[in-house]
$ cat coords.cif   # mmCIF, C-alpha atoms
data_model
loop_
_atom_site.label_atom_id
_atom_site.label_comp_id
_atom_site.auth_asym_id
_atom_site.auth_seq_id
_atom_site.Cartn_x
_atom_site.Cartn_y
_atom_site.Cartn_z
CA MET N 1 13.46 -25.56 6.23
CA HIS N 2 14.73 -25.50 2.65
CA ARG N 3 18.12 -24.16 3.70
CA HIS N 4 20.05 -27.32 3.00
CA ALA N 5 18.10 -28.69 0.07
CA ALA N 6 20.31 -31.04 -1.92
CA ALA N 7 20.61 -30.86 -5.71
CA THR N 8 18.23 -33.80 -6.11
CA ASP N 9 15.63 -32.02 -3.96
CA ILE N 10 15.83 -28.99 -6.21
CA ASP N 11 15.37 -31.23 -9.25
CA ALA N 12 12.30 -32.81 -7.63
CA MET N 13 10.91 -29.41 -6.59
CA LEU N 14 11.38 -27.95 -10.05
CA ARG N 15 9.63 -30.93 -11.64
CA GLN N 16 6.77 -30.47 -9.18
CA VAL N 17 6.41 -26.77 -10.06
CA LEU N 18 6.37 -27.66 -13.77
CA ARG N 19 3.70 -30.27 -13.06
CA ASP N 20 1.64 -27.65 -11.27
CA VAL N 21 2.07 -25.10 -14.06
CA LEU N 22 1.59 -27.44 -17.02
CA GLY N 23 -1.00 -29.72 -15.43
CA LEU N 24 1.01 -32.80 -16.41
CA SER N 25 1.09 -36.22 -14.79
CA ALA N 26 4.00 -37.21 -12.54
CA GLU N 27 5.06 -39.71 -15.22
CA ARG N 28 5.23 -37.09 -17.95
CA VAL N 29 7.33 -34.75 -15.84
CA ALA N 30 9.58 -37.60 -14.65
CA ASP N 31 10.45 -38.14 -18.34
CA PHE N 32 11.83 -34.58 -18.69
CA THR N 33 15.51 -34.65 -19.62
CA PRO N 34 17.98 -31.74 -19.56
CA GLU N 35 17.20 -31.30 -23.28
CA THR N 36 13.41 -31.08 -22.84
CA GLY N 37 12.37 -27.74 -24.35
CA LEU N 38 10.39 -25.28 -22.21
CA PHE N 39 9.72 -21.62 -23.12
CA GLY N 40 9.36 -21.35 -26.88
CA HIS N 41 8.80 -25.11 -27.19
CA LEU N 42 5.62 -25.64 -25.19
CA PRO N 43 2.93 -23.35 -26.63
CA GLU N 44 0.95 -23.22 -23.39
CA LEU N 45 3.99 -21.97 -21.48
CA ASP N 46 3.56 -18.26 -22.22
CA SER N 47 5.28 -15.34 -20.48
CA MET N 48 2.56 -15.10 -17.83
CA ALA N 49 2.93 -18.80 -16.99
CA VAL N 50 6.72 -18.48 -16.88
CA ALA N 51 6.43 -15.47 -14.55
CA GLY N 52 4.18 -17.51 -12.25
CA LEU N 53 6.59 -20.44 -12.44
CA LEU N 54 9.56 -18.30 -11.40
CA THR N 55 7.62 -16.72 -8.54
CA GLU N 56 6.60 -20.16 -7.32
CA VAL N 57 10.21 -21.37 -7.50
CA GLU N 58 11.26 -18.33 -5.43
CA ASP N 59 8.62 -19.08 -2.82
CA ARG N 60 9.28 -22.79 -2.60
CA ILE N 61 13.05 -22.68 -2.29
CA GLY N 62 13.53 -19.24 -0.79
CA ILE N 63 15.58 -17.48 -3.48
CA VAL N 64 15.06 -14.18 -5.27
CA ILE N 65 15.36 -14.16 -9.06
CA GLU N 66 16.06 -10.74 -10.54
CA ASP N 67 14.39 -9.88 -13.83
CA ASP N 68 17.73 -9.21 -15.51
CA GLU N 69 18.83 -12.76 -14.73
CA VAL N 70 15.90 -14.10 -16.73
CA ASP N 71 16.68 -14.69 -20.37
CA GLY N 72 15.63 -16.97 -23.18
CA GLU N 73 18.60 -19.26 -22.69
CA MET N 74 17.83 -20.00 -19.06
CA LEU N 75 14.20 -20.77 -19.89
CA GLU N 76 14.84 -22.70 -23.06
CA SER N 77 15.32 -26.18 -21.63
CA TYR N 78 14.71 -28.07 -18.44
CA GLY N 79 18.45 -28.55 -17.94
CA ALA N 80 19.21 -24.83 -18.29
CA LEU N 81 16.50 -23.83 -15.82
CA LEU N 82 17.62 -26.49 -13.33
CA ALA N 83 21.25 -25.37 -13.60
CA PHE N 84 20.21 -21.75 -13.01
CA VAL N 85 18.13 -22.58 -9.93
CA GLN N 86 20.84 -24.84 -8.51
CA ALA N 87 23.46 -22.13 -8.99
CA LYS N 88 21.17 -19.57 -7.28
CA ARG N 89 20.67 -21.97 -4.42
CA GLY N 90 24.44 -22.27 -4.04
CA MET R 1 -27.84 -16.70 -12.69
CA ILE R 2 -26.68 -13.34 -13.92
CA ALA R 3 -27.96 -10.26 -12.06
CA ALA R 4 -27.53 -6.67 -13.18
CA TRP R 5 -26.96 -4.12 -10.45
CA PRO R 6 -26.49 -0.34 -10.33
CA SER R 7 -22.86 -0.03 -9.35
CA PRO R 8 -21.02 3.28 -8.86
CA ALA R 9 -19.32 2.64 -12.23
CA GLY R 10 -22.63 2.15 -14.07
CA GLU R 11 -24.71 -0.99 -14.56
CA GLU R 12 -22.61 -4.07 -13.87
CA TYR R 13 -23.30 -7.78 -13.94
CA ALA R 14 -22.86 -10.27 -11.17
CA LEU R 15 -23.14 -14.05 -11.06
CA SER R 16 -25.68 -14.63 -8.36
CA PHE R 17 -27.08 -17.55 -6.38
CA ASP R 18 -29.80 -15.70 -4.50
CA ARG R 19 -32.56 -17.61 -2.75
CA GLY R 20 -32.99 -15.10 0.05
CA ARG R 21 -31.17 -17.24 2.60
CA ALA R 22 -29.62 -16.09 5.88
CA HIS R 23 -26.00 -16.44 4.78
CA ARG R 24 -25.04 -14.23 1.84
CA VAL R 25 -21.42 -14.29 0.68
CA LEU R 26 -19.95 -11.54 -1.48
CA VAL R 27 -17.28 -13.15 -3.67
CA LEU R 28 -14.53 -10.83 -4.91
CA PRO R 29 -12.76 -12.39 -7.91
CA ALA R 30 -9.02 -12.76 -8.49
CA TRP R 31 -7.52 -10.15 -10.82
CA PHE R 32 -6.34 -10.01 -14.41
CA ASP R 33 -4.86 -13.23 -15.77
CA GLU R 34 -5.58 -14.98 -12.47
CA SER R 35 -9.28 -14.21 -12.83
CA ASN R 36 -9.39 -16.27 -16.03
CA LYS R 37 -7.47 -19.11 -14.45
CA LEU R 38 -9.72 -19.12 -11.37
CA ARG R 39 -13.08 -18.30 -13.00
CA ARG R 40 -14.35 -21.85 -13.12
CA PHE R 41 -13.00 -22.65 -9.66
CA THR R 42 -14.77 -19.56 -8.30
CA CYS R 43 -18.10 -20.50 -9.93
CA GLU R 44 -17.79 -24.11 -8.78
CA VAL R 45 -17.23 -22.97 -5.18
CA MET R 46 -20.38 -20.82 -5.46
CA ARG R 47 -22.39 -23.76 -6.82
CA ARG R 48 -21.32 -25.85 -3.87
CA LEU R 49 -22.23 -23.08 -1.42
CA ASP R 50 -25.65 -22.90 -3.10
CA GLY R 51 -26.03 -26.63 -2.54
CA ALA R 52 -25.12 -26.11 1.11
CA GLY R 53 -27.85 -23.47 1.55
CA ILE R 54 -25.63 -20.39 1.25
CA ASP R 55 -26.30 -17.49 -1.15
CA SER R 56 -23.37 -15.91 -3.00
CA PHE R 57 -22.69 -13.05 -5.41
CA LEU R 58 -19.77 -12.52 -7.76
CA PRO R 59 -19.75 -8.96 -9.16
CA ASP R 60 -17.56 -7.98 -12.10
CA LEU R 61 -14.97 -5.42 -11.09
CA PRO R 62 -15.26 -2.19 -13.14
CA GLY R 63 -13.21 -2.60 -16.29
CA CYS R 64 -13.11 -6.41 -16.00
CA ASN R 65 -15.08 -9.32 -17.45
CA GLU R 66 -18.42 -7.97 -18.82
CA SER R 67 -17.98 -4.48 -17.39
CA GLN R 68 -18.41 -1.55 -19.79
CA ALA R 69 -16.27 0.72 -17.62
CA ARG R 70 -12.74 1.47 -18.82
CA LEU R 71 -10.12 -0.46 -16.89
CA GLU R 72 -7.63 2.33 -17.48
CA GLU R 73 -9.76 4.69 -15.38
CA GLN R 74 -9.89 2.39 -12.37
CA SER R 75 -7.87 2.56 -9.18
CA LEU R 76 -7.83 0.57 -5.97
CA ALA R 77 -10.12 3.25 -4.54
CA SER R 78 -12.72 2.73 -7.30
CA TRP R 79 -12.54 -1.05 -6.81
CA ARG R 80 -12.85 -0.68 -3.03
CA THR R 81 -15.91 1.52 -3.50
CA GLU R 82 -17.38 -1.04 -5.88
CA ALA R 83 -16.80 -3.86 -3.38
CA ALA R 84 -18.41 -1.87 -0.57
CA GLU R 85 -21.40 -0.90 -2.74
CA ALA R 86 -21.85 -4.47 -3.95
CA SER R 87 -21.77 -5.64 -0.34
CA ALA R 88 -24.57 -3.19 0.51
CA TYR R 89 -26.63 -3.88 -2.64
CA PHE R 90 -26.59 -7.64 -2.24
CA ALA R 91 -26.94 -7.36 1.56
CA ALA R 92 -23.86 -9.52 2.04
CA THR R 93 -23.37 -11.07 5.45
CA HIS R 94 -19.92 -12.47 4.62
CA LEU R 95 -17.09 -12.12 2.15
CA LEU R 96 -14.84 -14.43 0.18
CA ALA R 97 -11.88 -12.59 -1.39
CA LEU R 98 -9.76 -14.53 -3.86
CA ARG R 99 -6.05 -13.78 -4.18
CA ALA R 100 -5.33 -10.06 -4.70
CA ALA R 101 -8.97 -9.16 -4.06
CA ALA R 102 -8.00 -9.33 -0.37
CA THR R 103 -6.52 -5.88 -1.06
CA ILE R 104 -9.98 -4.35 -1.68
CA ALA R 105 -12.05 -6.44 0.74
CA PRO R 106 -14.32 -4.36 3.03
CA ASP R 107 -12.85 -4.70 6.55
CA GLU R 108 -16.19 -4.80 8.30
CA LEU R 109 -17.37 -8.00 6.62
CA ALA R 110 -16.44 -11.26 8.28
CA GLY R 111 -15.27 -13.99 5.96
CA TRP R 112 -12.32 -15.57 4.24
CA ARG R 113 -9.31 -14.58 2.15
CA TYR R 114 -8.28 -17.40 -0.17
CA ALA R 115 -4.50 -17.52 -0.86
CA PRO R 116 -4.32 -13.74 -0.34
CA LEU R 117 -1.87 -11.82 -2.48
CA ALA R 118 -0.73 -8.23 -1.94
CA GLY R 119 -1.39 -5.80 -4.78
CA THR R 120 2.33 -5.15 -4.93
CA SER R 121 3.03 -8.87 -5.51
CA GLN R 122 0.40 -8.96 -8.24
CA LEU R 123 2.06 -6.01 -9.96
CA ARG R 124 5.47 -7.66 -9.64
CA ALA R 125 4.17 -10.80 -11.40
CA LEU R 126 2.62 -8.73 -14.21
CA LEU R 127 5.83 -6.75 -14.71
CA ARG R 128 7.90 -9.92 -14.73
CA ALA R 129 5.69 -11.44 -17.43
CA ARG R 130 6.01 -8.27 -19.49
CA VAL R 131 9.82 -8.24 -19.18
CA ILE R 132 10.02 -11.92 -20.16
CA SER R 133 7.83 -11.49 -23.23
CA SER R 134 9.73 -8.37 -24.29
CA ARG R 135 13.08 -10.14 -23.97
CA GLU R 136 11.69 -13.03 -26.01
CA ALA R 137 10.71 -10.49 -28.69
CA GLY R 138 14.18 -8.97 -28.60
CA ARG R 139 13.22 -5.78 -26.71
CA ASP R 140 15.27 -4.98 -23.65
CA GLU R 141 12.87 -3.65 -21.02
CA ASN R 142 13.39 -3.52 -17.30
CA ARG R 143 11.10 -3.25 -14.36
CA ASP R 144 12.25 0.16 -13.10
CA ALA R 145 11.82 1.88 -16.44
CA LEU R 146 8.43 0.22 -16.97
CA LEU R 147 7.30 1.31 -13.53
CA ALA R 148 8.38 4.89 -14.16
CA GLU R 149 6.44 4.89 -17.42
CA GLY R 150 3.47 3.26 -15.73
CA ARG R 151 3.36 5.84 -12.95
CA ALA R 152 3.37 8.63 -15.54
CA ARG R 153 1.21 7.27 -18.34
CA GLY R 154 -0.16 3.87 -17.35
CA LEU R 155 1.01 0.56 -18.76
CA GLU R 156 -0.24 -2.46 -20.66
CA LEU R 157 0.48 -5.58 -18.62
CA GLY R 158 -0.56 -9.06 -19.68
CA GLY R 159 -3.10 -7.60 -22.09
CA TYR R 160 -4.61 -5.30 -19.46
CA ARG R 161 -4.28 -1.54 -19.87
CA LEU R 162 -3.77 -0.18 -16.35
CA GLY R 163 -3.89 3.56 -15.69
CA ALA R 164 -1.26 5.54 -13.84
CA ALA R 165 -3.40 5.65 -10.69
CA MET R 166 -3.79 1.85 -10.59
CA ILE R 167 -0.06 1.30 -11.14
CA ALA R 168 0.81 3.69 -8.30
CA ASP R 169 -1.82 2.14 -6.04
CA LEU R 170 -0.64 -1.41 -6.70
CA GLU R 171 2.97 -0.51 -6.14
CA SER R 172 2.31 0.31 -2.51
CA ALA R 173 -0.56 -2.10 -1.82
CA GLU R 174 0.50 -4.37 1.01
CA LEU R 175 -1.84 -6.90 2.58
CA ALA R 176 -3.41 -5.37 5.65
CA PRO R 177 -4.35 -7.65 8.52
CA ALA R 178 -8.08 -8.35 8.50
CA PRO R 179 -9.14 -9.40 11.99
CA ARG R 180 -12.65 -10.39 10.86
CA GLN R 181 -11.41 -12.47 7.92
CA ARG R 182 -9.73 -15.83 8.07
CA ASP R 183 -6.92 -16.61 5.65
CA ILE R 184 -7.18 -19.93 3.82
CA ALA R 185 -3.85 -21.06 2.40
CA GLN R 186 -3.60 -23.06 -0.81
CA GLY R 187 -2.14 -25.91 1.28
CA ASP R 188 -5.48 -26.17 3.14
CA LEU R 189 -7.14 -27.17 -0.15
CA GLY R 190 -4.54 -29.67 -1.32
CA GLY R 191 -2.83 -29.54 -4.70
CA ALA R 192 -1.31 -26.50 -6.40
CA GLY R 193 -3.17 -23.24 -6.95
CA LEU R 194 -5.07 -23.24 -10.23
CA TRP R 195 -3.83 -19.71 -10.97
CA LEU R 196 -0.44 -21.28 -11.62
CA ARG R 197 -1.72 -23.32 -14.55
CA ALA R 198 -0.52 -22.22 -17.96
CA GLU R 199 -4.06 -22.87 -19.25
CA PRO R 200 -7.30 -22.65 -17.28
CA ASP R 201 -8.03 -25.96 -15.60
CA HIS R 202 -10.35 -27.30 -12.95
CA ASP R 203 -9.94 -29.44 -9.86
CA PRO R 204 -13.27 -30.36 -8.27
CA ARG R 205 -11.53 -31.47 -5.07
CA GLN R 206 -10.19 -27.97 -4.50
CA ALA R 207 -13.63 -26.43 -5.01
CA ASP R 208 -15.08 -29.04 -2.62
CA ALA R 209 -12.44 -28.21 -0.03
CA LEU R 210 -12.90 -24.43 -0.11
CA ALA R 211 -16.71 -24.65 -0.09
CA ALA R 212 -16.52 -27.13 2.79
CA ILE R 213 -14.34 -24.81 4.89
CA ILE R 214 -16.80 -21.93 4.36
CA ALA R 215 -19.90 -24.04 4.94
CA MET R 216 -18.43 -25.55 8.13
CA ASP R 217 -17.58 -22.10 9.47
CA LEU R 218 -21.04 -20.74 8.65
CA LEU R 219 -23.25 -23.65 9.51
CA ALA R 220 -21.38 -25.29 12.40
#
$ encode --input "coords.cif" --output "structure tokens"
Amino acid sequence: MHRHAAATDIDAMLRQVLRDVLGLSAERVADFTPETGLFGHLPELDSMAVAGLLTEVEDRIGIVIEDDEVDGEMLESYGALLAFVQAKRG
Amino acid sequence: MIAAWPSPAGEEYALSFDRGRAHRVLVLPAWFDESNKLRRFTCEVMRRLDGAGIDSFLPDLPGCNESQARLEEQSLASWRTEAAEASAYFAATHLLALRAAATIAPDELAGWRYAPLAGTSQLRALLRARVISSREAGRDENRDALLAEGRARGLELGGYRLGAAMIADLESAELAPAPRQRDIAQGDLGGAGLWLRAEPDHDPRQADALAAIIAMDLLA
């Protein structure tokens, strides 16, 4: 059912996963910009939370993320993570 | 309240709501990091069951929470034995297994598996977290090499020191069908699973929803 998700759907889905992981309000997450810092910027977002986040993204949009694709750059900002997921989604 | 009981691994503690009622639910907790994230949720579900006239028991798994046993010496077999012995000791009539605990749930007990997770998926998440934190620290680790080391000598994952036997067990632990147990998906509770939260959090509506499903099944 996610086969033809548009770029905007992936943006919305990723914001929802971040809401679920960070326990933030919809308003807070709607304010995320491509520059909003994630891993290394939000102290509560530790490696375990990031691992859960990536697994949830895999489940919700039906992609597989290999460990060697995961690096600090991709996780550093909202924009970088979104670009990665959109590229994976093709 | 807290009950001590003579488990196969030595004296262990269990959170217990025991008023000698007809329905007695053995609650098997989520594992590792997820157990911390879901601890309050689990206790709140038990409180609600108590209010609905249902007894419940939450034993510590050997090597976890207050247990004096060494986690490194545990395996899925030792946890399965513990679950079966706890079921007998507390005279459980039903079972609620949270997340990966579905992997060690005694087949013969009727009950529920909440958002069940295969042991192999749990291991995958732990390895992924370890790889991410190593990369962040500038160490290049990968899953295959970590697994090989884990199978030989055990491995520290997410602050938990797992022995070689547990690593090997988890690697091949798929979710078996459990005809007597009903799976409850996170979607049935509404909202996102609390194990996803970066910091432990609580959502009373989710605890209400899970307790209501169990109470309706038992008391209908």
$ residues_around --input "coords.cif" --residues "Ala207 of chain R" --least-positions-apart "4" --cutoff "9 Å" --atoms "only C-alpha atoms" --output "PyMOL selection string"
chain R and resi 41-46+48+189+202-203+211-212
$ residues_around --input "coords.cif" --residues "Ile132 of chain R" --least-positions-apart "4" --cutoff "7 Å" --atoms "all atoms listed in the file" --output "VMD selection string"
(chain N and resid 47) or (chain R and resid 128 136)
$ interface_residues --input "coords.cif" --of "chain R" --to "chain N" --cutoff "12 Å" --atoms "only C-alpha atoms" --output "PyMOL selection string"
chain R and resi 32-34+37+121-144+157-159+190-203
$ atom_distance --input "coords.cif" --atom1 "atom CA of Ile184 of chain R" --atom2 "atom CA of Arg99 of chain R"
10.2 Å
$ resolve_selection --input "coords.cif" --expression "the PyMOL selection byres ((chain N and resi 61) around 12)" --output "short mmCIF file (atom, residue, chain, number, x, y, z; two decimals) with C-alpha atoms, in the frame of the given file"
data_model
loop_
_atom_site.label_atom_id
_atom_site.label_comp_id
_atom_site.auth_asym_id
_atom_site.auth_seq_id
_atom_site.Cartn_x
_atom_site.Cartn_y
_atom_site.Cartn_z
CA MET N 1 13.46 -25.56 6.23
CA HIS N 2 14.73 -25.50 2.65
CA ARG N 3 18.12 -24.16 3.70
CA HIS N 4 20.05 -27.32 3.00
CA ALA N 5 18.10 -28.69 0.07
CA ALA N 6 20.31 -31.04 -1.92
CA ALA N 7 20.61 -30.86 -5.71
CA ASP N 9 15.63 -32.02 -3.96
CA ILE N 10 15.83 -28.99 -6.21
CA ASP N 11 15.37 -31.23 -9.25
CA ALA N 12 12.30 -32.81 -7.63
CA MET N 13 10.91 -29.41 -6.59
CA LEU N 14 11.38 -27.95 -10.05
CA VAL N 17 6.41 -26.77 -10.06
CA LEU N 54 9.56 -18.30 -11.40
CA THR N 55 7.62 -16.72 -8.54
CA GLU N 56 6.60 -20.16 -7.32
CA VAL N 57 10.21 -21.37 -7.50
CA GLU N 58 11.26 -18.33 -5.43
CA ASP N 59 8.62 -19.08 -2.82
CA ARG N 60 9.28 -22.79 -2.60
CA GLY N 62 13.53 -19.24 -0.79
CA ILE N 63 15.58 -17.48 -3.48
CA VAL N 64 15.06 -14.18 -5.27
CA ILE N 65 15.36 -14.16 -9.06
CA VAL N 85 18.13 -22.58 -9.93
CA GLN N 86 20.84 -24.84 -8.51
CA LYS N 88 21.17 -19.57 -7.28
CA ARG N 89 20.67 -21.97 -4.42
CA GLY N 90 24.44 -22.27 -4.04
#
$ atom_distance --input "coords.cif" --atom1 "atom CA of Arg161 of chain R" --atom2 "atom CA of Leu96 of chain R"
26.1 Å
$ atom_distance --input "coords.cif" --atom1 "atom CA of Leu95 of chain R" --atom2 "atom CA of Pro179 of chain R"
12.9 Å
$ resolve_selection --input "coords.cif" --expression "the PyMOL selection byres ((chain R and resi 90) around 10)" --output "list in words"
Trp5, Ser16, Asp18, Arg24, Val25, Leu26, Asp55, Ser56, Phe57, Pro59, Glu85, Ala86, Ser87, Ala88, Tyr89, Ala91, Ala92 and Thr93 of chain R
$ residues_around --input "coords.cif" --residues "Gly163 of chain R" --least-positions-apart "3" --cutoff "8 Å" --atoms "all atoms listed in the file" --output "number ranges by chain"
R: 71-75, 150, 153-155, 166-167
$ resolve_selection --input "coords.cif" --expression "the PyMOL selection byres ((chain R and resi 216-219) around 12)" --output "JSON, numbers by chain"
{"R": [22, 23, 24, 25, 49, 52, 53, 54, 55, 93, 94, 95, 110, 111, 112, 181, 182, 208, 209, 210, 211, 212, 213, 214, 215, 220]}
$ residues_near_point --input "coords.cif" --point "(13.0, -33.0, -19.8)" --cutoff "12 Å" --atoms "all atoms listed in the file" --output "PDB file with C-alpha atoms, in the frame of the given file"
ATOM      1  CA  ASP N  11      15.370 -31.230  -9.250  1.00  0.00           C
ATOM      2  CA  LEU N  14      11.380 -27.950 -10.050  1.00  0.00           C
ATOM      3  CA  ARG N  15       9.630 -30.930 -11.640  1.00  0.00           C
ATOM      4  CA  LEU N  18       6.370 -27.660 -13.770  1.00  0.00           C
ATOM      5  CA  ARG N  19       3.700 -30.270 -13.060  1.00  0.00           C
ATOM      6  CA  GLU N  27       5.060 -39.710 -15.220  1.00  0.00           C
ATOM      7  CA  ARG N  28       5.230 -37.090 -17.950  1.00  0.00           C
ATOM      8  CA  VAL N  29       7.330 -34.750 -15.840  1.00  0.00           C
ATOM      9  CA  ALA N  30       9.580 -37.600 -14.650  1.00  0.00           C
ATOM     10  CA  ASP N  31      10.450 -38.140 -18.340  1.00  0.00           C
ATOM     11  CA  PHE N  32      11.830 -34.580 -18.690  1.00  0.00           C
ATOM     12  CA  THR N  33      15.510 -34.650 -19.620  1.00  0.00           C
ATOM     13  CA  PRO N  34      17.980 -31.740 -19.560  1.00  0.00           C
ATOM     14  CA  GLU N  35      17.200 -31.300 -23.280  1.00  0.00           C
ATOM     15  CA  THR N  36      13.410 -31.080 -22.840  1.00  0.00           C
ATOM     16  CA  GLY N  37      12.370 -27.740 -24.350  1.00  0.00           C
ATOM     17  CA  LEU N  38      10.390 -25.280 -22.210  1.00  0.00           C
ATOM     18  CA  HIS N  41       8.800 -25.110 -27.190  1.00  0.00           C
ATOM     19  CA  LEU N  42       5.620 -25.640 -25.190  1.00  0.00           C
ATOM     20  CA  GLU N  76      14.840 -22.700 -23.060  1.00  0.00           C
ATOM     21  CA  SER N  77      15.320 -26.180 -21.630  1.00  0.00           C
ATOM     22  CA  TYR N  78      14.710 -28.070 -18.440  1.00  0.00           C
ATOM     23  CA  GLY N  79      18.450 -28.550 -17.940  1.00  0.00           C
ATOM     24  CA  ALA N  80      19.210 -24.830 -18.290  1.00  0.00           C
ATOM     25  CA  LEU N  81      16.500 -23.830 -15.820  1.00  0.00           C
ATOM     26  CA  LEU N  82      17.620 -26.490 -13.330  1.00  0.00           C
TER      27      LEU N  82
END
$ decode --input "coords.cif" --residues "segment 195-216 of chain R" --atoms "C-alpha atoms" --output "PDB file, in the first residue's frame"
ATOM      1  CA  TRP R 195       9.249   1.127  23.290  1.00  0.00           C
ATOM      2  CA  LEU R 196      10.015   3.512  20.441  1.00  0.00           C
ATOM      3  CA  ARG R 197      10.374   6.486  22.753  1.00  0.00           C
ATOM      4  CA  ALA R 198      13.885   7.805  23.201  1.00  0.00           C
ATOM      5  CA  GLU R 199      13.099   8.251  26.911  1.00  0.00           C
ATOM      6  CA  PRO R 200      10.634   6.233  28.988  1.00  0.00           C
ATOM      7  CA  ASP R 201       7.183   7.757  28.756  1.00  0.00           C
ATOM      8  CA  HIS R 202       3.639   6.810  29.642  1.00  0.00           C
ATOM      9  CA  ASP R 203       0.322   6.866  27.831  1.00  0.00           C
ATOM     10  CA  PRO R 204      -2.594   5.960  30.101  1.00  0.00           C
ATOM     11  CA  ARG R 205      -4.871   5.430  27.098  1.00  0.00           C
ATOM     12  CA  GLN R 206      -2.664   2.627  25.816  1.00  0.00           C
ATOM     13  CA  ALA R 207      -2.658   0.917  29.214  1.00  0.00           C
ATOM     14  CA  ASP R 208      -6.451   1.324  29.362  1.00  0.00           C
ATOM     15  CA  ALA R 209      -6.794  -0.202  25.901  1.00  0.00           C
ATOM     16  CA  LEU R 210      -4.631  -3.269  26.546  1.00  0.00           C
ATOM     17  CA  ALA R 211      -6.196  -3.963  29.955  1.00  0.00           C
ATOM     18  CA  ALA R 212      -9.654  -3.561  28.419  1.00  0.00           C
ATOM     19  CA  ILE R 213      -8.923  -6.100  25.667  1.00  0.00           C
ATOM     20  CA  ILE R 214      -7.723  -8.644  28.249  1.00  0.00           C
ATOM     21  CA  ALA R 215     -10.561  -7.990  30.686  1.00  0.00           C
ATOM     22  CA  MET R 216     -13.171  -8.257  27.919  1.00  0.00           C
TER      23      MET R 216
END
